[in-house]
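Colleague: Got a structure for you, work34.cif, holding mmCIF, C-alpha atoms.
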```cif
data_final
#
loop_
_atom_site.label_atom_id
_atom_site.label_comp_id
_atom_site.auth_asym_id
_atom_site.auth_seq_id
_atom_site.Cartn_x
_atom_site.Cartn_y
_atom_site.Cartn_z
CA MET Q 1 -17.76 6.40 5.78
CA SER Q 2 -16.27 4.84 8.91
CA MET Q 3 -18.27 2.26 10.82
CA ARG Q 4 -19.78 3.24 14.18
CA THR Q 5 -18.24 1.93 17.38
CA ILE Q 6 -20.29 0.04 19.98
CA ASN Q 7 -20.13 3.03 22.32
CA GLU Q 8 -21.44 5.37 19.61
CA ILE Q 9 -24.39 3.05 19.00
CA VAL Q 10 -25.05 2.72 22.77
CA GLN Q 11 -25.14 6.50 23.20
CA SER Q 12 -27.44 6.88 20.18
CA ILE Q 13 -29.90 4.31 21.54
CA ARG Q 14 -29.85 5.83 25.02
CA ALA Q 15 -30.35 9.34 23.65
CA ASP Q 16 -33.42 8.11 21.72
CA PHE Q 17 -34.60 6.33 24.87
CA VAL Q 18 -34.62 9.57 26.88
CA ALA Q 19 -36.16 11.54 23.98
CA ASN Q 20 -39.10 9.11 23.62
CA SER Q 21 -42.25 10.71 25.08
CA THR Q 22 -43.84 7.38 26.04
CA LEU Q 23 -40.72 6.27 27.92
CA GLN Q 24 -40.45 9.70 29.54
CA GLU Q 25 -43.88 9.23 31.07
CA ALA Q 26 -43.34 5.58 32.01
CA TYR Q 27 -40.01 6.24 33.75
CA SER Q 28 -40.63 9.85 34.85
CA LEU Q 29 -37.50 10.85 32.92
CA ASP Q 30 -35.87 14.26 33.16
CA THR Q 31 -35.09 15.37 29.58
CA SER Q 32 -32.38 17.71 30.86
CA LYS Q 33 -30.37 14.71 32.05
CA THR Q 34 -28.70 11.93 30.08
CA PHE Q 35 -29.61 8.24 30.24
CA ASP Q 36 -26.50 7.45 32.27
CA GLU Q 37 -27.43 10.12 34.81
CA GLN Q 38 -30.83 8.45 35.39
CA PHE Q 39 -30.05 4.73 35.17
CA SER Q 40 -27.51 2.63 36.98
CA LYS Q 41 -24.83 0.87 34.90
CA VAL Q 42 -26.17 -2.47 36.17
CA SER Q 43 -29.84 -1.69 35.54
CA LEU Q 44 -31.80 -3.88 33.13
CA GLU Q 45 -32.33 -0.87 30.86
CA ALA Q 46 -28.58 -0.21 30.64
CA ILE Q 47 -27.84 -3.89 30.00
CA PHE Q 48 -30.55 -4.19 27.33
CA THR Q 49 -29.40 -1.06 25.47
CA TYR Q 50 -25.84 -2.38 25.47
CA VAL Q 51 -26.95 -5.80 24.18
CA PHE Q 52 -28.98 -4.13 21.42
CA ALA Q 53 -25.98 -1.96 20.53
CA VAL Q 54 -23.69 -4.98 20.22
CA SER Q 55 -26.23 -6.70 17.98
CA ILE Q 56 -26.50 -3.63 15.74
CA TRP Q 57 -22.71 -3.27 15.65
CA ALA Q 58 -22.33 -6.91 14.59
CA LEU Q 59 -24.89 -6.45 11.82
CA GLU Q 60 -23.25 -3.25 10.60
CA SER Q 61 -19.85 -4.99 10.65
CA LEU Q 62 -21.18 -7.80 8.48
CA MET Q 63 -22.76 -5.35 6.06
CA ASP Q 64 -19.58 -3.27 5.89
CA GLN Q 65 -17.41 -6.31 5.17
CA HIS Q 66 -19.94 -7.55 2.60
CA GLN Q 67 -19.74 -4.21 0.81
CA LYS Q 68 -15.94 -4.34 0.84
CA ASP Q 69 -16.00 -7.88 -0.58
CA ILE Q 70 -18.39 -6.81 -3.34
CA ASN Q 71 -16.25 -3.79 -4.24
CA ALA Q 72 -13.11 -5.92 -4.28
CA ALA Q 73 -14.78 -8.50 -6.52
CA ILE Q 74 -16.04 -5.82 -8.91
CA THR Q 75 -12.57 -4.23 -9.09
CA ALA Q 76 -10.78 -7.54 -9.58
CA ASN Q 77 -13.16 -8.68 -12.31
CA ALA Q 78 -13.43 -5.41 -14.21
CA VAL Q 79 -11.78 -6.66 -17.39
CA CYS Q 80 -8.93 -4.49 -18.69
CA SER Q 81 -9.00 -2.14 -15.71
CA ILE Q 82 -5.71 -1.15 -14.06
CA PRO Q 83 -6.22 -3.64 -11.15
CA TRP Q 84 -7.12 -6.33 -13.70
CA TYR Q 85 -3.90 -5.81 -15.65
CA HIS Q 86 -1.95 -5.92 -12.36
CA ALA Q 87 -3.56 -9.28 -11.49
CA GLN Q 88 -2.92 -10.53 -15.03
CA ALA Q 89 0.76 -9.66 -14.78
CA LEU Q 90 1.16 -11.60 -11.54
CA ALA Q 91 -0.72 -14.56 -13.06
CA PHE Q 92 1.76 -14.95 -15.96
CA GLN Q 93 3.06 -18.53 -16.27
CA LEU Q 94 6.41 -18.96 -17.97
CA GLY Q 95 6.38 -21.75 -20.55
CA HIS Q 96 2.58 -22.02 -20.75
CA SER Q 97 0.22 -20.93 -23.52
CA VAL Q 98 -3.18 -19.35 -22.99
CA GLU Q 99 -6.31 -20.68 -24.66
CA TYR Q 100 -9.53 -18.91 -25.58
CA ASN Q 101 -12.42 -19.70 -23.20
CA PRO Q 102 -15.76 -19.19 -25.05
CA GLU Q 103 -17.65 -19.11 -21.74
CA THR Q 104 -15.73 -16.14 -20.35
CA TYR Q 105 -14.69 -14.61 -23.70
CA ARG Q 106 -11.12 -14.47 -22.41
CA PHE Q 107 -7.77 -16.03 -23.09
CA GLU Q 108 -6.85 -18.05 -20.00
CA TYR Q 109 -4.45 -20.72 -18.81
CA PRO Q 110 -6.16 -24.13 -18.98
CA VAL Q 111 -3.99 -25.35 -16.11
CA ILE Q 112 -2.78 -23.27 -13.16
CA ASP Q 113 0.89 -23.88 -12.38
CA GLU Q 114 1.99 -21.76 -9.41
CA ALA Q 115 5.63 -22.86 -9.79
CA SER Q 116 5.84 -21.19 -13.20
CA ARG Q 117 4.55 -17.81 -12.01
CA ILE Q 118 7.78 -15.81 -11.99
CA ILE Q 119 6.40 -12.26 -11.71
CA ARG Q 120 6.60 -11.11 -8.09
CA TYR Q 121 6.29 -7.34 -8.61
CA ALA Q 122 4.09 -5.48 -11.06
CA ALA Q 123 2.96 -1.90 -11.56
CA VAL Q 124 0.52 -0.60 -14.16
CA ARG Q 125 0.19 3.04 -15.19
CA GLN Q 126 -1.80 4.77 -17.92
CA LEU Q 127 0.06 7.63 -19.59
CA GLU Q 128 -0.01 9.76 -22.71
CA VAL Q 129 3.07 9.93 -24.93
CA GLN Q 130 2.98 12.39 -27.84
CA GLY Q 131 -0.79 12.26 -27.95
CA VAL Q 132 -0.94 8.46 -27.77
CA THR Q 133 -2.44 6.79 -24.70
CA LYS Q 134 -0.31 3.88 -23.51
CA LEU Q 135 -0.41 1.36 -20.74
CA ARG Q 136 2.97 1.09 -19.05
CA ILE Q 137 3.59 -2.18 -17.23
CA HIS Q 138 6.63 -2.72 -15.00
CA ALA Q 139 7.37 -6.32 -14.04
CA SER Q 140 10.14 -7.98 -12.03
CA LYS Q 141 11.00 -11.34 -10.56
CA ALA Q 142 11.88 -12.10 -6.94
CA GLY Q 143 14.27 -9.55 -5.49
CA LYS Q 144 12.96 -7.04 -8.06
CA GLN Q 145 15.32 -8.53 -10.63
CA ALA Q 146 14.70 -8.01 -14.32
CA LEU Q 147 13.27 -10.66 -16.62
CA SER Q 148 15.64 -12.19 -19.15
CA SER Q 149 15.12 -11.25 -22.81
CA ALA Q 150 13.31 -14.55 -23.46
CA GLU Q 151 11.13 -14.14 -20.34
CA LEU Q 152 10.29 -10.56 -21.29
CA ALA Q 153 9.32 -11.62 -24.81
CA ALA Q 154 7.04 -14.33 -23.42
CA PHE Q 155 5.49 -11.95 -20.88
CA SER Q 156 4.91 -9.27 -23.53
CA ALA Q 157 3.21 -11.79 -25.84
CA TYR Q 158 1.01 -12.93 -22.94
CA ILE Q 159 -0.10 -9.38 -22.06
CA ARG Q 160 -0.93 -8.58 -25.68
CA GLU Q 161 -2.84 -11.85 -26.08
CA THR Q 162 -4.91 -11.54 -22.91
CA GLY Q 163 -5.32 -7.74 -22.85
CA ALA Q 164 -7.64 -5.44 -24.75
CA VAL Q 165 -7.32 -5.17 -28.52
CA GLY Q 166 -5.85 -1.91 -29.81
CA ILE Q 167 -4.04 -0.93 -26.61
CA HIS Q 168 -0.50 0.43 -26.93
CA TYR Q 169 1.68 -1.29 -24.33
CA ASP Q 170 5.00 -0.14 -22.90
CA ILE Q 171 6.28 -3.23 -21.07
CA ILE Q 172 9.42 -2.71 -18.98
CA SER Q 173 11.57 -5.05 -16.92
CA GLN Q 174 14.89 -3.65 -15.75
CA ALA Q 175 17.22 -3.96 -12.78
CA PRO Q 176 16.43 -1.50 -9.96
CA SER Q 177 17.87 1.98 -10.49
CA GLN Q 178 20.94 2.57 -8.31
CA MET Q 179 20.77 5.65 -6.09
CA SER Q 180 23.69 7.25 -4.30
CA PHE Q 181 23.77 10.26 -2.00
CA THR Q 182 25.95 12.97 -0.55
CA LEU Q 183 24.71 13.61 2.99
CA GLN Q 184 25.66 15.61 6.06
CA VAL Q 185 24.52 13.86 9.23
CA THR Q 186 24.58 15.38 12.70
CA ARG Q 187 25.13 12.40 15.00
CA ASP Q 188 24.70 11.56 18.65
CA ALA Q 189 28.29 10.81 19.73
CA MET Q 190 26.96 8.52 22.45
CA VAL Q 191 25.25 6.24 19.91
CA ILE Q 192 27.24 6.20 16.66
CA ASP Q 193 30.89 6.96 15.90
CA GLN Q 194 32.46 9.27 13.31
CA ASP Q 195 32.09 6.56 10.65
CA GLY Q 196 28.39 6.06 11.33
CA LYS Q 197 28.79 2.74 13.13
CA ARG Q 198 26.79 1.80 16.22
CA LEU Q 199 28.88 1.96 19.37
CA ASN Q 200 27.02 -0.92 21.00
CA GLY Q 201 27.00 -3.29 18.03
CA ASN Q 202 27.44 -3.81 14.31
CA GLY Q 203 25.87 -1.93 11.44
CA LYS Q 204 25.44 1.61 10.23
CA PRO Q 205 21.98 3.01 11.10
CA VAL Q 206 21.96 5.70 8.39
CA GLU Q 207 22.88 3.32 5.58
CA GLU Q 208 20.38 0.77 6.88
CA ALA Q 209 17.64 3.42 6.93
CA ILE Q 210 18.40 4.45 3.34
CA SER Q 211 18.47 0.87 2.11
CA ASN Q 212 15.22 0.01 3.91
CA TYR Q 213 13.44 3.06 2.53
CA LEU Q 214 14.50 2.38 -1.05
CA SER Q 215 13.70 -1.33 -0.92
CA ASP Q 216 10.63 -1.45 1.33
CA GLY Q 217 9.43 2.13 1.80
CA ILE Q 218 8.67 2.76 -1.87
CA ILE Q 219 5.85 0.82 -3.49
CA TYR Q 220 6.98 -0.92 -6.66
CA GLY Q 221 6.36 1.41 -9.58
CA SER Q 222 6.07 4.44 -7.30
CA VAL Q 223 8.51 7.35 -6.81
CA PHE Q 224 11.37 8.32 -4.52
CA ASN Q 225 10.56 11.27 -2.27
CA ARG Q 226 13.27 13.40 -0.64
CA THR Q 227 11.20 14.30 2.40
CA LYS Q 228 10.37 10.67 3.12
CA LEU Q 229 14.05 9.74 2.89
CA ILE Q 230 14.91 12.52 5.37
CA ASP Q 231 12.19 11.22 7.72
CA ALA Q 232 13.59 7.68 7.45
CA ILE Q 233 17.13 8.79 8.21
CA GLN Q 234 16.10 11.03 11.11
CA ALA Q 235 14.32 8.06 12.69
CA ALA Q 236 17.55 6.03 12.64
CA ASP Q 237 19.61 5.37 15.80
CA GLY Q 238 21.94 8.21 16.75
CA VAL Q 239 20.76 10.72 14.13
CA LYS Q 240 20.01 14.26 15.25
CA ASP Q 241 19.72 15.91 11.85
CA VAL Q 242 20.45 15.26 8.18
CA VAL Q 243 20.98 17.42 5.10
CA ILE Q 244 20.72 15.95 1.59
CA VAL Q 245 23.45 17.66 -0.43
CA GLN Q 246 23.09 15.65 -3.61
CA VAL Q 247 21.04 12.80 -5.06
CA ARG Q 248 22.25 10.70 -7.98
CA VAL Q 249 20.38 8.12 -10.02
CA GLY Q 250 23.10 6.09 -11.65
CA SER Q 251 25.68 8.70 -12.62
CA ASP Q 252 23.13 11.51 -13.12
CA ILE Q 253 22.40 14.20 -10.52
CA ASP Q 254 18.68 14.66 -9.89
CA ASN Q 255 17.43 17.72 -8.00
CA GLY Q 256 13.76 16.74 -8.06
CA GLN Q 257 11.61 16.33 -4.98
CA ASN Q 258 10.05 13.20 -6.47
CA ILE Q 259 12.09 10.90 -8.68
CA GLU Q 260 10.65 8.15 -10.87
CA SER Q 261 12.69 5.06 -11.61
CA PRO Q 262 12.80 3.83 -15.22
CA SER Q 263 12.70 0.30 -13.80
CA GLY Q 264 9.97 0.89 -11.21
CA ALA Q 265 12.32 0.19 -8.29
CA PHE Q 266 15.43 1.53 -6.54
CA THR Q 267 18.47 0.15 -4.77
CA PHE Q 268 21.08 1.84 -2.56
CA ASN Q 269 24.63 2.21 -3.90
CA SER Q 270 26.56 2.76 -0.67
CA THR Q 271 29.94 2.55 -2.43
CA ASN Q 272 29.29 5.71 -4.46
CA SER Q 273 27.65 7.54 -1.56
CA VAL Q 274 29.45 10.11 0.60
CA ILE Q 275 28.09 10.49 4.14
CA THR Q 276 29.81 12.99 6.42
CA TYR Q 277 29.15 12.64 10.15
CA MET Q 278 29.48 15.61 12.49
CA VAL Q 279 28.52 16.47 16.06
#
```
Show the structure stored in the file as structure tokens.
Modeller:
Amino acid sequence: MSMRTINEIVQSIRADFVANSTLQEAYSLDTSKTFDEQFSKVSLEAIFTYVFAVSIWALESLMDQHQKDINAAITANAVCSIPWYHAQALAFQLGHSVEYNPETYRFEYPVIDEASRIIRYAAVRQLEVQGVTKLRIHASKAGKQALSSAELAAFSAYIRETGAVGIHYDIISQAPSQMSFTLQVTRDAMVIDQDGKRLNGNGKPVEEAISNYLSDGIIYGSVFNRTKLIDAIQAADGVKDVVIVQVRVGSDIDNGQNIESPSGAFTFNSTNSVITYMV
């Protein structure tokens, strides 16, 4: 439920003011007219109702934020929930061991060392594989780069030690999946040339749009969407229209509308892409 604006509260108070029988008699109010039609904007009544409205709005704002804070705290501290596992993944400290805390009944790091926290991206999904429920965790370092074999082994041991007993984990850390495309782009000849370059500067708007969508437009662990890529390209400088002829993940052609990356992330392979520009 969205919070009321000050104006909505003002109008509610003033409507109740006019509807009040005692105030109708005291002010000789006409119930067929609104408050604003019967009181000046600078009248004491108008000023008081506005002040009351601001006070109510401030109180409702505090209550709304308090509720959000409570919900966030509940979600963050719900042990072994999806958000909890996500927070646990980001809290991993390379080279440190966890210890059991009898007060919280959890395995925790006795010392917090921010410099050793190498996980920058994490995604947690619950899925069923051949009738077995698993928790799939994608994790990557800065730049969405994969963990080394030793780092992955340490991270996996940490998740199994701190997580719920009996859970089947599928822990993945791989380099971003390379995507290449065959596209037909209708260009604005006044903005970009036949090679897709800007006429008034450096860079290729279409390739930049693709790269930005794959790196920043897709949440880590989420999926590639053809329509969203088209929208990103059509918003680029000098693009009138675009047709996606073919999409490849690695060397494999994928005709799906939504494409999931085995690694949880994507990167643009411009070298293997073929973009034809026409007017």
Colleague: I need the output of the PyMOL selection byres ((chain Q and resi 215) around 12) for this file as a VMD selection string; which residues are they?
Modeller: chain Q and resid 143 to 144 176 to 179 208 to 214 216 to 224 229 264 to 269
Colleague: Specify the axis-aligned box that encloses all atoms of region 256-259 of chain Q listed in the file after padding of 5 Å on each side, stating its centre and edge lengths in Å to one decimal as JSON.
Modeller:
```
{"center_x": 11.9, "center_y": 13.8, "center_z": -6.8, "size_x": 13.7, "size_y": 15.8, "size_z": 13.7}
```
Colleague: Here's a test: counting all atoms listed in the file, identify every protein, DNA and RNA residue with an atom at most 12 Å from (27.0, 13.5, 16.2) in the file's coordinate frame, and state them as a list in words.
Modeller: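 Using all atoms listed in the file, the matching residues come out as Gln184, Val185, Thr186, Arg187, Asp188, Ala189, Met190, Val191, Ile192, Asp193, Gln194, Asp195, Gly196, Lys197, Arg198, Asp237, Gly238, Val239, Lys240, Asp241, Val242, Thr276, Tyr277, Met278 and Val279 of chain Q.
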Colleague: Restricting the output to C-alpha atoms, write the selected residues as a PDB file, keeping the file's coordinate frame.
Modeller:
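Okay, this is what ended up in again.pdb:
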```pdb
ATOM      1  CA  GLN Q 184      25.660  15.610   6.060  1.00  0.00           C
ATOM      2  CA  VAL Q 185      24.520  13.860   9.230  1.00  0.00           C
ATOM      3  CA  THR Q 186      24.580  15.380  12.700  1.00  0.00           C
ATOM      4  CA  ARG Q 187      25.130  12.400  15.000  1.00  0.00           C
ATOM      5  CA  ASP Q 188      24.700  11.560  18.650  1.00  0.00           C
ATOM      6  CA  ALA Q 189      28.290  10.810  19.730  1.00  0.00           C
ATOM      7  CA  MET Q 190      26.960   8.520  22.450  1.00  0.00           C
ATOM      8  CA  VAL Q 191      25.250   6.240  19.910  1.00  0.00           C
ATOM      9  CA  ILE Q 192      27.240   6.200  16.660  1.00  0.00           C
ATOM     10  CA  ASP Q 193      30.890   6.960  15.900  1.00  0.00           C
ATOM     11  CA  GLN Q 194      32.460   9.270  13.310  1.00  0.00           C
ATOM     12  CA  ASP Q 195      32.090   6.560  10.650  1.00  0.00           C
ATOM     13  CA  GLY Q 196      28.390   6.060  11.330  1.00  0.00           C
ATOM     14  CA  LYS Q 197      28.790   2.740  13.130  1.00  0.00           C
ATOM     15  CA  ARG Q 198      26.790   1.800  16.220  1.00  0.00           C
ATOM     16  CA  ASP Q 237      19.610   5.370  15.800  1.00  0.00           C
ATOM     17  CA  GLY Q 238      21.940   8.210  16.750  1.00  0.00           C
ATOM     18  CA  VAL Q 239      20.760  10.720  14.130  1.00  0.00           C
ATOM     19  CA  LYS Q 240      20.010  14.260  15.250  1.00  0.00           C
ATOM     20  CA  ASP Q 241      19.720  15.910  11.850  1.00  0.00           C
ATOM     21  CA  VAL Q 242      20.450  15.260   8.180  1.00  0.00           C
ATOM     22  CA  THR Q 276      29.810  12.990   6.420  1.00  0.00           C
ATOM     23  CA  TYR Q 277      29.150  12.640  10.150  1.00  0.00           C
ATOM     24  CA  MET Q 278      29.480  15.610  12.490  1.00  0.00           C
ATOM     25  CA  VAL Q 279      28.520  16.470  16.060  1.00  0.00           C
TER      26      VAL Q 279
END
```
Colleague: Determine the residue set returned by the PyMOL selection byres ((chain Q and resi 159) around 9) for the present structure, and present it as a list of chain:residue names.
Modeller: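 Evaluating the PyMOL selection byres ((chain Q and resi 159) around 9) on this file yields Q:Tyr85, Q:Gln88, Q:Ala89, Q:Phe92, Q:Ala154, Q:Phe155, Q:Ser156, Q:Ala157, Q:Tyr158, Q:Arg160, Q:Glu161, Q:Thr162, Q:Gly163, Q:Ala164, Q:Tyr169, Q:Ile171.
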Colleague: Would you mind listing what lies within 9 Å of Val18 (chain Q) as number ranges by chain, with only C-alpha atoms counted and same-chain residues fewer than 3 positions away left out?
Modeller: Q: 13-15, 21, 23-24, 29-31, 33-35
Colleague: Using the selection just defined, write its residues with C-alpha atoms as a PDB file, in the frame of the given file.
Modeller:
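Saved as again.pdb:
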```
ATOM      1  CA  ILE Q  13     -29.900   4.310  21.540  1.00  0.00           C
ATOM      2  CA  ARG Q  14     -29.850   5.830  25.020  1.00  0.00           C
ATOM      3  CA  ALA Q  15     -30.350   9.340  23.650  1.00  0.00           C
ATOM      4  CA  SER Q  21     -42.250  10.710  25.080  1.00  0.00           C
ATOM      5  CA  LEU Q  23     -40.720   6.270  27.920  1.00  0.00           C
ATOM      6  CA  GLN Q  24     -40.450   9.700  29.540  1.00  0.00           C
ATOM      7  CA  LEU Q  29     -37.500  10.850  32.920  1.00  0.00           C
ATOM      8  CA  ASP Q  30     -35.870  14.260  33.160  1.00  0.00           C
ATOM      9  CA  THR Q  31     -35.090  15.370  29.580  1.00  0.00           C
ATOM     10  CA  LYS Q  33     -30.370  14.710  32.050  1.00  0.00           C
ATOM     11  CA  THR Q  34     -28.700  11.930  30.080  1.00  0.00           C
ATOM     12  CA  PHE Q  35     -29.610   8.240  30.240  1.00  0.00           C
TER      13      PHE Q  35
END
```
Colleague: Starting from the point (5.8, -8.8, -8.1), work out which residues of protein, DNA or RNA have an atom no more than 8 Å away when counting only C-alpha atoms; state them as a PDB file with C-alpha atoms, keeping the file's coordinate frame.
Modeller:
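Generated output (out10.pdb):
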```pdb
ATOM      1  CA  LEU Q  90       1.160 -11.600 -11.540  1.00  0.00           C
ATOM      2  CA  ILE Q 119       6.400 -12.260 -11.710  1.00  0.00           C
ATOM      3  CA  ARG Q 120       6.600 -11.110  -8.090  1.00  0.00           C
ATOM      4  CA  TYR Q 121       6.290  -7.340  -8.610  1.00  0.00           C
ATOM      5  CA  ALA Q 122       4.090  -5.480 -11.060  1.00  0.00           C
ATOM      6  CA  ALA Q 139       7.370  -6.320 -14.040  1.00  0.00           C
ATOM      7  CA  SER Q 140      10.140  -7.980 -12.030  1.00  0.00           C
ATOM      8  CA  LYS Q 141      11.000 -11.340 -10.560  1.00  0.00           C
ATOM      9  CA  ALA Q 142      11.880 -12.100  -6.940  1.00  0.00           C
ATOM     10  CA  LYS Q 144      12.960  -7.040  -8.060  1.00  0.00           C
TER      11      LYS Q 144
END
```
Colleague: Hey, can you check how far CA of Asp254 (chain Q) sits from CA of Gly131 (chain Q)?
Modeller: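 Computed distance, CA of Asp254 (chain Q) to CA of Gly131 (chain Q), equals 26.7 Å.
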Colleague: How many Å lie between CA of Gln93 (chain Q) and CA of Leu152 (chain Q), rounded to one decimal?
Modeller: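 We find that CA of Gln93 (chain Q) and CA of Leu152 (chain Q) lie 11.9 Å from each other.
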Colleague: Please measure the separation of CA of Leu147 (chain Q) and CA of Ile118 (chain Q), giving the value in Å to one decimal.
Modeller: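 Taking CA of Leu147 (chain Q) as the start and CA of Ile118 (chain Q) as the end point, the length is 8.8 Å.
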Colleague: Q:Glu25, Q:Glu260, Q:Asp252, Q:Glu207: which is nearest Gln234 (chain Q), counting all atoms listed in the file?
Modeller: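 Going through Q:Glu25, Q:Glu260, Q:Asp252, Q:Glu207 one by one, the smallest distance to Gln234 (chain Q) is for Q:Glu207.
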Colleague: Run the PyMOL selection byres ((chain Q and resi 56-69) around 8) against the file shown and list the residues it catches, as number ranges by chain.
Modeller: Q: 3-6, 9, 52-55, 70-73
Colleague: Name the residues in contact with Ile167 (chain Q) at a cut-off of 9 Å, using all atoms listed in the file, excluding same-chain residues fewer than 5 positions from it; report them as a PyMOL selection string.
Modeller: chain Q and resi 133-135+160
Colleague: Taking all atoms listed in the file into account, name the residue in Q:Pro110, Q:Gly256, Q:Gly95, Q:Pro262 that is nearest to Gln174 (chain Q).
Modeller: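 Once distances to Gln174 (chain Q) are computed over all atoms listed in the file, the minimum belongs to Q:Pro262.
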